[in-house]
Amino acid sequence: MILMYHKIYPFTLTHWWVSADAFYRQLAELRSYTVVSLDEYDPNNKKHAVITFDDAYQNVLIYAAPLLYRFKYPFEVFINGDTIGKTNSFDRGSGEPVTKICSEAELKKLVELGGRLQWHGSSHTRCTDVKTKSKLKNLLTVPAKIRNLDPHGFNWFSYPHGEFNTEVKSEVEKLFIGAVSCNQGNNEDRFCLNRETVTSKSSFKSKTVGVIITSYNKGQFLVEAVDSVLRQTILPDQILLMDDCSTDETQKISEIYEKNYPNLIVYHRNKKNLGIIETFNNAVSKINTDYVCFLDADNRFRSDYIERTEGVLNSNPHTAIAYTDFALFGSRSASKYDLFPPEWRRGIKDGKYYIVGFPNFSETTKRDLETRNFIHGNSLFRRDAFYEVGGYKKLDDRPEDHDLFWRMIDAGWAAKRVPLALLKYRQYSKTQENDRFNSFAELNFYRKACEQKQQQLLLLEQELQQIKSSKVWFIIDTYKNLRRSGKHMPKKIVSKLKKELYTFLLKTPVLNSVFTTVRRQKKLSTLTYPKNAKLNLGCGKNVIDGWINADIDDSINPNIIFVDLRKPLPFKSDSAKQIFIEHTVECLSKIEGINLYKECIRVLKPGGCFRIGISDMSRLMKAYQTKDKYYEKGMRTDMQPTITQEYDEFTSDMLFNWDRKYYYTARLMKRFLEDVGFEKVKIKKYMDSDYGFSYDTRTLPDTSYLEARKPV
Amino acid sequence: MYLSETRNRKIPAGTQSDDYRFESFVLSEIPARKYARALVLSGERYFNLPKNIAKIFFSHNFLKDTDIITKQPKQPDDVVRNILTVCESTEVMDTFQTVEFDLIIISDLLYPEYIGESKLICAQSIVDKLEENGVLLSVHEDRRYALRFPLFITDEYYFDYDNKRYLLEVYTK
């Protein structure tokens, strides 16, 4: 792949600007590729990567070049002849900020830092806009003065704006050994190789890294360990906090971390203490990354641990383990240090850190590994290799990590050392385990958690304050006070004041809804419910005299009581003689509908009758297919007199508009009614009833009626 | 010159006593040894180092002069660029005849509002300017600071000052 960058800067101003941190991360990710120059690039080699910059902005010299030099990556810089030492005037009007372009001296510095200068045209004009051949030639020719800036460069051309045609390409073929585009090219033709536009979000990661932090009653050190992973230069993809059923603060701390980093940290607690081997094997099975390393809760990583060890595995496909040196610290580190062979002891830093430098992995040292371990247990390893050798095993003669790594090496994998003390390895006695910083760190962690809670409390208090300062609160407060003080006032005045206040309150939307609810409940509680009640549910305008008419819209008629059919019916069980529902259940979801039928069964007396009218999908379709004239005419005149839709549109509306949530056929409704417990379910015609129902309103051909009975 | 000698100095006239206490506390945490060349990169404070230490101050004036908070590309005055320039420029370094320091103090500078998304390159440049076995002392407000230098930490402290919690880190190269 060929990568195309433009600007590297601390801030991402437009998508052409890549942040310096993102650029650093991308360079680290490119370690799994071979970064080559354009001359060496083989389009068929999936592991080849080329880094290119267009326009030679000054920020490339400041932010990108030092990093590229550090990573020892070659890079190509395409320059325009007429903008050297100036600004990107060619971007005027495009919204791109004015940005400085390298001067000749700065371009030379880019070459010193490993860059190669290539040609982007004598100006940033589109090659396809150039009319004459001589002008095109001028555009493509590199002046001698500029060529001298890099004697090894200017062999490649980058089409300005990525655009070219066959004429341009044939001219380029005469003057250069290759050319790159960004949109028009392909991955085969050396004179129009395509490039990938890189943004701050681009990632070239091919492998993922997971860190497992294990703790068994090491909660007091956990904050330090987790923070050492969270402050890595390159963050891992997953962190697993593995708690082997600790009885200390491990769980509390881990849960807070998991909550604060939901996309990064996962906490797992064993139900009982399983010991090292089982816990470690379980942990690896719970983490889903290509590379894995353990970190004991009492140890700490240096901030470049992941970056450096991951880099080793990325650039060495046959290496399964990346190990480092370490620094012992804590009260017992001096005595532990003396146990290491003299050639491994690399000195004492600041009187308290004992540096242990392990040997490099080679054919000679490989033999030593069987008897003498030099790969510490917190090394980064490939998960595949772990499973290949069967994970951790319990042995009496060798520690589990030594045994695991030896089996990996024995299976043919290699190991590689990072010769830096990137791990701080705590050695302490139980009585002295709590050192000063650890207490500070833990205290700070709790303070932060406490601050978060305080922040939440503050927000809640602010909300309460807002409510208290709102009009509604003022009104309620006034009303309360009025009731209190009203005891000593003449009744007439109190009543008048109350009435005025009530009228005023009704105007506020919140209180209006509160009063409406109260009013509805009051209406329902004072309802005279006859012995053999007849319920007309979802009645709409079809109010039947002598029946209890219920609907969600009770504003149509004062005789209607408010009932939401999506909720349990507000009637007693075994209390109604008849229930009638017509063209209502289509507006409920399937589940809401089934619940309603169950409720109807509950409310009906044994032997009570039920009649339902539905819009029948099969009849509707039949009417549509046969272009039933009555259907069309009837719909328009009877139901929607003002409707002006076309026939098809109207059918579609029937199915999907008017709040329809579910469509029935008579057969389906029959099944549903039978399923909830109705008996003698029959499909009936308009006004045809076995139980004396005579209130059907819909004569349209799409309507089906069904009748049923609650079993005695 | 041992920096510990600065601990019990009298507060100079015109200096805020609180700032002086902060400075004294920070300087007292520097490992006791002889230093010859110091670089002080301080975003919001001034450190009164002994006179016989050759030193460069990257002062808070840089921050005042920039529009970095508005995130406008005011290139020549950009904070990060100045950090890198201090670390890279040979003109500045000529004063010391060497390009490395045995003591670097960095205080209240590596915050996102000043350096945007470039903490890694800043940290790397600063580490590059530290000579082998040199000391780097970093003091930043914990809430705004998310970096750790790729060096060996020898000491760390949290302390409260001016209603803020600071993290003081001492690194050795």
# chains A, B, ... in the order shown; residues from 1 in each chain; ligands from 1
$ select_by_dssp --residues "segment 33-189 of chain A" --states "alpha helix (DSSP H)" --output "VMD selection string"
chain A and resid 58 to 59 65 to 71 104 to 112 133 to 140 144 to 147 166 to 175
$ write_last_selection --atoms "N, CA and C atoms" --output "compact mmCIF listing (two decimals), in the first residue's frame"
# COMPACT_ATOMS: atom_id res chain seq x y z
N GLN A 58 5.54 22.73 5.72
CA GLN A 58 6.58 22.92 6.75
C GLN A 58 6.30 22.03 7.97
N ASN A 59 5.01 21.79 8.26
CA ASN A 59 4.71 20.97 9.44
C ASN A 59 5.16 19.52 9.27
N ALA A 65 8.95 14.44 10.15
CA ALA A 65 10.31 13.98 9.80
C ALA A 65 11.10 13.46 11.01
N PRO A 66 11.08 14.13 12.18
CA PRO A 66 11.84 13.58 13.31
C PRO A 66 11.37 12.19 13.73
N LEU A 67 10.05 11.97 13.64
CA LEU A 67 9.52 10.65 14.00
C LEU A 67 9.91 9.61 12.96
N LEU A 68 9.84 10.01 11.69
CA LEU A 68 10.21 9.06 10.62
C LEU A 68 11.68 8.67 10.75
N TYR A 69 12.48 9.66 11.14
CA TYR A 69 13.92 9.42 11.31
C TYR A 69 14.12 8.44 12.48
N ARG A 70 13.35 8.65 13.54
CA ARG A 70 13.45 7.76 14.71
C ARG A 70 13.04 6.34 14.35
N PHE A 71 11.98 6.21 13.56
CA PHE A 71 11.50 4.87 13.16
C PHE A 71 12.33 4.28 12.01
N GLU A 104 13.73 26.04 0.43
CA GLU A 104 14.75 25.14 -0.14
C GLU A 104 15.61 24.53 0.97
N ALA A 105 16.00 25.38 1.95
CA ALA A 105 16.84 24.89 3.06
C ALA A 105 16.10 23.80 3.84
N GLU A 106 14.81 24.03 4.03
CA GLU A 106 14.02 23.04 4.79
C GLU A 106 13.84 21.74 4.00
N LEU A 107 13.74 21.89 2.69
CA LEU A 107 13.63 20.67 1.88
C LEU A 107 14.91 19.84 1.99
N LYS A 108 16.05 20.56 2.04
CA LYS A 108 17.33 19.85 2.19
C LYS A 108 17.36 19.10 3.52
N LYS A 109 16.78 19.72 4.56
CA LYS A 109 16.75 19.08 5.87
C LYS A 109 15.89 17.81 5.83
N LEU A 110 14.82 17.90 5.05
CA LEU A 110 13.96 16.70 4.90
C LEU A 110 14.76 15.55 4.30
N VAL A 111 15.60 15.89 3.32
CA VAL A 111 16.44 14.86 2.68
C VAL A 111 17.42 14.28 3.70
N GLU A 112 17.97 15.16 4.55
CA GLU A 112 18.92 14.70 5.58
C GLU A 112 18.25 13.73 6.56
N LYS A 133 0.87 20.77 -25.53
CA LYS A 133 1.87 19.78 -25.17
C LYS A 133 3.08 20.46 -24.51
N SER A 134 3.43 21.64 -25.04
CA SER A 134 4.62 22.32 -24.49
C SER A 134 4.36 22.76 -23.04
N LYS A 135 3.14 23.21 -22.79
CA LYS A 135 2.79 23.61 -21.41
C LYS A 135 2.82 22.40 -20.48
N LEU A 136 2.35 21.29 -21.01
CA LEU A 136 2.35 20.06 -20.21
C LEU A 136 3.79 19.65 -19.89
N LYS A 137 4.64 19.81 -20.90
CA LYS A 137 6.05 19.46 -20.71
C LYS A 137 6.68 20.35 -19.65
N ASN A 138 6.32 21.64 -19.71
CA ASN A 138 6.83 22.59 -18.70
C ASN A 138 6.39 22.18 -17.29
N LEU A 139 5.14 21.74 -17.22
CA LEU A 139 4.59 21.34 -15.92
C LEU A 139 5.33 20.13 -15.35
N LEU A 140 5.74 19.25 -16.25
CA LEU A 140 6.35 18.00 -15.80
C LEU A 140 7.86 18.09 -15.63
N ALA A 144 16.64 22.46 -12.99
CA ALA A 144 17.94 21.95 -12.50
C ALA A 144 18.20 22.39 -11.06
N LYS A 145 17.82 23.64 -10.75
CA LYS A 145 18.08 24.17 -9.40
C LYS A 145 17.35 23.33 -8.34
N ILE A 146 16.15 22.98 -8.67
CA ILE A 146 15.36 22.18 -7.71
C ILE A 146 15.90 20.74 -7.67
N ARG A 147 16.26 20.24 -8.84
CA ARG A 147 16.78 18.87 -8.91
C ARG A 147 18.01 18.70 -8.01
N THR A 166 -4.73 9.80 -20.81
CA THR A 166 -3.73 8.98 -21.51
C THR A 166 -2.59 9.84 -22.06
N GLU A 167 -2.94 11.05 -22.49
CA GLU A 167 -1.90 11.94 -23.05
C GLU A 167 -0.91 12.34 -21.95
N VAL A 168 -1.46 12.71 -20.81
CA VAL A 168 -0.62 13.11 -19.68
C VAL A 168 0.25 11.93 -19.25
N LYS A 169 -0.37 10.78 -19.17
CA LYS A 169 0.35 9.59 -18.70
C LYS A 169 1.49 9.23 -19.64
N SER A 170 1.23 9.35 -20.92
CA SER A 170 2.32 9.00 -21.87
C SER A 170 3.48 9.98 -21.76
N GLU A 171 3.19 11.25 -21.46
CA GLU A 171 4.27 12.23 -21.26
C GLU A 171 5.05 11.91 -19.97
N VAL A 172 4.30 11.54 -18.94
CA VAL A 172 4.93 11.20 -17.65
C VAL A 172 5.86 9.99 -17.84
N GLU A 173 5.42 9.03 -18.63
CA GLU A 173 6.22 7.81 -18.86
C GLU A 173 7.58 8.13 -19.47
N LYS A 174 7.63 9.26 -20.22
CA LYS A 174 8.90 9.62 -20.86
C LYS A 174 9.89 10.23 -19.86
N LEU A 175 9.35 10.88 -18.81
CA LEU A 175 10.22 11.66 -17.92
C LEU A 175 10.49 11.03 -16.55
$ closest_atom_pairs --of "chain A" --to "chain B" --cutoff "9 Å" --atoms "only C-alpha atoms" --output "JSON lines"
{"residue": "A:Tyr9", "atom": "CA", "partner": "B:Ser118", "partner_atom": "CA", "distance": 7.6}
{"residue": "A:Pro10", "atom": "CA", "partner": "B:Glu117", "partner_atom": "CA", "distance": 4.8}
{"residue": "A:Phe11", "atom": "CA", "partner": "B:Gly116", "partner_atom": "CA", "distance": 5.6}
{"residue": "A:Thr12", "atom": "CA", "partner": "B:Glu117", "partner_atom": "CA", "distance": 8.4}
{"residue": "A:Leu13", "atom": "CA", "partner": "B:Lys71", "partner_atom": "CA", "distance": 8.2}
{"residue": "A:Ser19", "atom": "CA", "partner": "B:Glu117", "partner_atom": "CA", "distance": 5.9}
{"residue": "A:Ala20", "atom": "CA", "partner": "B:Ser118", "partner_atom": "CA", "distance": 4.8}
{"residue": "A:Asp21", "atom": "CA", "partner": "B:Ser118", "partner_atom": "CA", "distance": 4.9}
{"residue": "A:Ala22", "atom": "CA", "partner": "B:Glu117", "partner_atom": "CA", "distance": 7.8}
{"residue": "A:Tyr24", "atom": "CA", "partner": "B:Leu120", "partner_atom": "CA", "distance": 7.2}
{"residue": "A:Asn59", "atom": "CA", "partner": "B:Gln75", "partner_atom": "CA", "distance": 8.6}
{"residue": "A:Ile62", "atom": "CA", "partner": "B:Arg81", "partner_atom": "CA", "distance": 7.2}
{"residue": "A:Tyr63", "atom": "CA", "partner": "B:Ile121", "partner_atom": "CA", "distance": 7.5}
{"residue": "A:Pro66", "atom": "CA", "partner": "B:Ile121", "partner_atom": "CA", "distance": 8.7}
{"residue": "A:Leu67", "atom": "CA", "partner": "B:Ile121", "partner_atom": "CA", "distance": 7.5}
{"residue": "A:Pro97", "atom": "CA", "partner": "B:Pro73", "partner_atom": "CA", "distance": 7.7}
{"residue": "A:Val98", "atom": "CA", "partner": "B:Pro73", "partner_atom": "CA", "distance": 8.4}
{"residue": "A:Thr99", "atom": "CA", "partner": "B:Pro73", "partner_atom": "CA", "distance": 8.0}
{"residue": "A:Lys100", "atom": "CA", "partner": "B:Gln75", "partner_atom": "CA", "distance": 8.3}
{"residue": "A:Ser228", "atom": "CA", "partner": "B:Arg148", "partner_atom": "CA", "distance": 8.4}
{"residue": "A:Leu230", "atom": "CA", "partner": "B:Ala146", "partner_atom": "CA", "distance": 8.8}
{"residue": "A:Arg231", "atom": "CA", "partner": "B:Arg148", "partner_atom": "CA", "distance": 5.9}
{"residue": "A:Gln232", "atom": "CA", "partner": "B:Arg148", "partner_atom": "CA", "distance": 7.2}
{"residue": "A:Thr233", "atom": "CA", "partner": "B:Leu120", "partner_atom": "CA", "distance": 6.9}
{"residue": "A:Arg302", "atom": "CA", "partner": "B:Pro150", "partner_atom": "CA", "distance": 6.4}
{"residue": "A:Ser303", "atom": "CA", "partner": "B:Pro150", "partner_atom": "CA", "distance": 5.1}
{"residue": "A:Asp304", "atom": "CA", "partner": "B:Pro150", "partner_atom": "CA", "distance": 5.4}
{"residue": "A:Tyr305", "atom": "CA", "partner": "B:Pro150", "partner_atom": "CA", "distance": 8.5}
{"residue": "A:Lys349", "atom": "CA", "partner": "B:Thr154", "partner_atom": "CA", "distance": 8.2}
{"residue": "A:Asp350", "atom": "CA", "partner": "B:Thr154", "partner_atom": "CA", "distance": 7.3}
{"residue": "A:Lys352", "atom": "CA", "partner": "B:Thr154", "partner_atom": "CA", "distance": 8.3}
{"residue": "A:Tyr353", "atom": "CA", "partner": "B:Thr154", "partner_atom": "CA", "distance": 7.8}
{"residue": "A:Ala421", "atom": "CA", "partner": "B:Phe152", "partner_atom": "CA", "distance": 7.9}
{"residue": "A:Leu422", "atom": "CA", "partner": "B:Phe152", "partner_atom": "CA", "distance": 7.8}
{"residue": "A:Lys424", "atom": "CA", "partner": "B:Phe152", "partner_atom": "CA", "distance": 8.9}
{"residue": "A:Arg436", "atom": "CA", "partner": "B:Tyr157", "partner_atom": "CA", "distance": 8.6}
{"residue": "A:Phe437", "atom": "CA", "partner": "B:Tyr157", "partner_atom": "CA", "distance": 6.3}
{"residue": "A:Phe440", "atom": "CA", "partner": "B:Tyr158", "partner_atom": "CA", "distance": 6.3}
{"residue": "A:Ala441", "atom": "CA", "partner": "B:Tyr158", "partner_atom": "CA", "distance": 7.6}
{"residue": "A:Asn444", "atom": "CA", "partner": "B:Tyr158", "partner_atom": "CA", "distance": 7.6}
$ write_last_selection --atoms "N, CA, C and O atoms" --output "compact mmCIF listing (two decimals), in the first residue's frame"
# COMPACT_ATOMS: atom_id res chain seq x y z
N TYR A 9 0.17 17.74 12.34
CA TYR A 9 0.07 18.91 13.20
C TYR A 9 -0.56 18.52 14.55
O TYR A 9 -1.23 17.49 14.63
N PRO A 10 -0.37 19.32 15.62
CA PRO A 10 -1.00 18.96 16.89
C PRO A 10 -2.53 18.92 16.85
O PRO A 10 -3.16 18.29 17.68
N PHE A 11 -3.11 19.61 15.91
CA PHE A 11 -4.58 19.64 15.85
C PHE A 11 -5.05 19.17 14.48
O PHE A 11 -4.42 19.45 13.47
N THR A 12 -6.19 18.48 14.47
CA THR A 12 -6.77 18.02 13.21
C THR A 12 -7.74 19.10 12.73
O THR A 12 -8.85 19.19 13.24
N LEU A 13 -7.30 19.90 11.79
CA LEU A 13 -8.12 21.05 11.37
C LEU A 13 -9.12 20.67 10.28
O LEU A 13 -10.26 21.12 10.29
N SER A 19 -3.17 14.31 13.18
CA SER A 19 -2.57 14.79 14.44
C SER A 19 -1.23 14.07 14.68
O SER A 19 -1.03 12.93 14.23
N ALA A 20 -0.34 14.77 15.39
CA ALA A 20 1.01 14.23 15.61
C ALA A 20 0.93 12.91 16.39
O ALA A 20 1.68 11.98 16.09
N ASP A 21 0.02 12.83 17.35
CA ASP A 21 -0.11 11.58 18.11
C ASP A 21 -0.63 10.44 17.24
O ASP A 21 -0.18 9.31 17.36
N ALA A 22 -1.60 10.76 16.38
CA ALA A 22 -2.14 9.72 15.48
C ALA A 22 -1.04 9.26 14.52
O ALA A 22 -0.92 8.07 14.23
N TYR A 24 2.16 9.24 15.10
CA TYR A 24 3.07 8.40 15.90
C TYR A 24 2.50 6.97 16.00
O TYR A 24 3.20 5.99 15.79
N ASN A 59 5.01 21.79 8.26
CA ASN A 59 4.71 20.97 9.44
C ASN A 59 5.16 19.52 9.27
O ASN A 59 5.32 18.81 10.25
N ILE A 62 8.57 19.63 10.71
CA ILE A 62 8.59 19.82 12.17
C ILE A 62 8.09 18.59 12.92
O ILE A 62 8.72 18.15 13.88
N TYR A 63 6.97 18.04 12.50
CA TYR A 63 6.35 16.98 13.29
C TYR A 63 6.58 15.58 12.74
O TYR A 63 6.69 14.63 13.52
N PRO A 66 11.08 14.13 12.18
CA PRO A 66 11.84 13.58 13.31
C PRO A 66 11.37 12.19 13.73
O PRO A 66 12.16 11.34 14.09
N LEU A 67 10.05 11.97 13.64
CA LEU A 67 9.52 10.65 14.00
C LEU A 67 9.91 9.61 12.96
O LEU A 67 10.28 8.48 13.30
N PRO A 97 -6.94 25.88 5.68
CA PRO A 97 -6.19 27.00 6.26
C PRO A 97 -4.91 27.27 5.47
O PRO A 97 -4.34 26.35 4.88
N VAL A 98 -4.51 28.54 5.49
CA VAL A 98 -3.25 28.89 4.82
C VAL A 98 -2.11 28.24 5.60
O VAL A 98 -2.01 28.37 6.81
N THR A 99 -1.26 27.52 4.90
CA THR A 99 -0.20 26.75 5.57
C THR A 99 1.11 26.94 4.84
O THR A 99 1.15 26.94 3.60
N LYS A 100 2.17 27.06 5.62
CA LYS A 100 3.48 27.30 5.02
C LYS A 100 4.04 26.05 4.36
O LYS A 100 3.87 24.95 4.89
N SER A 228 -0.44 2.24 34.99
CA SER A 228 0.76 2.06 34.17
C SER A 228 0.39 1.52 32.79
O SER A 228 1.11 1.74 31.82
N LEU A 230 -2.78 2.20 31.41
CA LEU A 230 -3.59 3.26 30.78
C LEU A 230 -2.75 4.42 30.27
O LEU A 230 -3.19 5.18 29.43
N ARG A 231 -1.53 4.57 30.80
CA ARG A 231 -0.68 5.67 30.34
C ARG A 231 0.41 5.19 29.39
O ARG A 231 1.49 5.77 29.31
N GLN A 232 0.14 4.12 28.66
CA GLN A 232 1.09 3.62 27.66
C GLN A 232 1.10 4.57 26.44
O GLN A 232 0.08 5.19 26.14
N THR A 233 2.23 4.64 25.79
CA THR A 233 2.31 5.47 24.58
C THR A 233 1.36 4.93 23.51
O THR A 233 0.73 5.69 22.78
N ARG A 302 6.68 0.21 32.19
CA ARG A 302 7.13 1.53 31.75
C ARG A 302 6.20 1.95 30.61
O ARG A 302 5.60 1.07 29.96
N SER A 303 6.11 3.24 30.32
CA SER A 303 5.05 3.70 29.41
C SER A 303 5.24 3.24 27.96
O SER A 303 4.31 3.35 27.17
N ASP A 304 6.42 2.74 27.61
CA ASP A 304 6.60 2.26 26.23
C ASP A 304 6.67 0.74 26.17
O ASP A 304 7.16 0.18 25.17
N TYR A 305 6.18 0.07 27.19
CA TYR A 305 6.26 -1.40 27.23
C TYR A 305 5.50 -2.01 26.04
O TYR A 305 6.04 -2.81 25.29
N LYS A 349 19.95 1.77 40.36
CA LYS A 349 19.59 3.15 40.02
C LYS A 349 19.02 3.85 41.23
O LYS A 349 18.10 3.32 41.87
N ASP A 350 19.58 5.03 41.50
CA ASP A 350 19.09 5.86 42.61
C ASP A 350 18.99 5.10 43.94
O ASP A 350 18.13 5.40 44.77
N LYS A 352 17.73 2.43 44.82
CA LYS A 352 16.59 1.58 45.18
C LYS A 352 16.06 0.70 44.05
O LYS A 352 15.20 -0.14 44.28
N TYR A 353 16.54 0.91 42.83
CA TYR A 353 16.07 0.08 41.72
C TYR A 353 17.22 -0.79 41.22
O TYR A 353 18.27 -0.29 40.80
N ALA A 421 14.92 -1.96 30.71
CA ALA A 421 14.15 -2.37 31.90
C ALA A 421 12.77 -1.74 31.83
O ALA A 421 12.54 -0.65 32.36
N LEU A 422 11.85 -2.39 31.14
CA LEU A 422 10.53 -1.82 30.91
C LEU A 422 9.50 -2.30 31.94
O LEU A 422 8.34 -1.91 31.90
N LYS A 424 8.75 -2.87 36.11
CA LYS A 424 9.16 -2.70 37.52
C LYS A 424 8.57 -3.85 38.31
O LYS A 424 7.35 -4.03 38.33
N ARG A 436 4.92 4.16 50.03
CA ARG A 436 4.33 5.49 50.09
C ARG A 436 3.51 5.83 48.84
O ARG A 436 2.37 6.24 48.93
N PHE A 437 4.08 5.61 47.65
CA PHE A 437 3.36 6.04 46.46
C PHE A 437 2.09 5.23 46.25
O PHE A 437 1.06 5.76 45.83
N PHE A 440 -0.53 6.77 48.08
CA PHE A 440 -0.94 8.00 47.39
C PHE A 440 -1.85 7.68 46.20
O PHE A 440 -2.89 8.29 46.01
N ALA A 441 -1.39 6.69 45.41
CA ALA A 441 -2.12 6.36 44.19
C ALA A 441 -3.51 5.85 44.51
O ALA A 441 -4.48 6.23 43.87
N ASN A 444 -5.62 8.65 45.75
CA ASN A 444 -5.99 9.51 44.63
C ASN A 444 -7.11 8.90 43.81
O ASN A 444 -8.02 9.58 43.36
$ closest_residue --among "A:Ala533, A:Leu113, A:Ile591, A:Ile256" --to "Gln578 of chain A" --atoms "only C-alpha atoms"
A:Ala533
$ closest_residue --among "A:Trp119, A:Ile212, A:Val229, A:Ser246" --to "Asn288 of chain A" --atoms "only C-alpha atoms"
A:Ile212
$ select_by_dssp --residues "segment 514-643 of chain A" --states "strand (DSSP E)" --output "PyMOL selection string"
chain A and resi 533-537+548-551+561-562+576-582+604-615
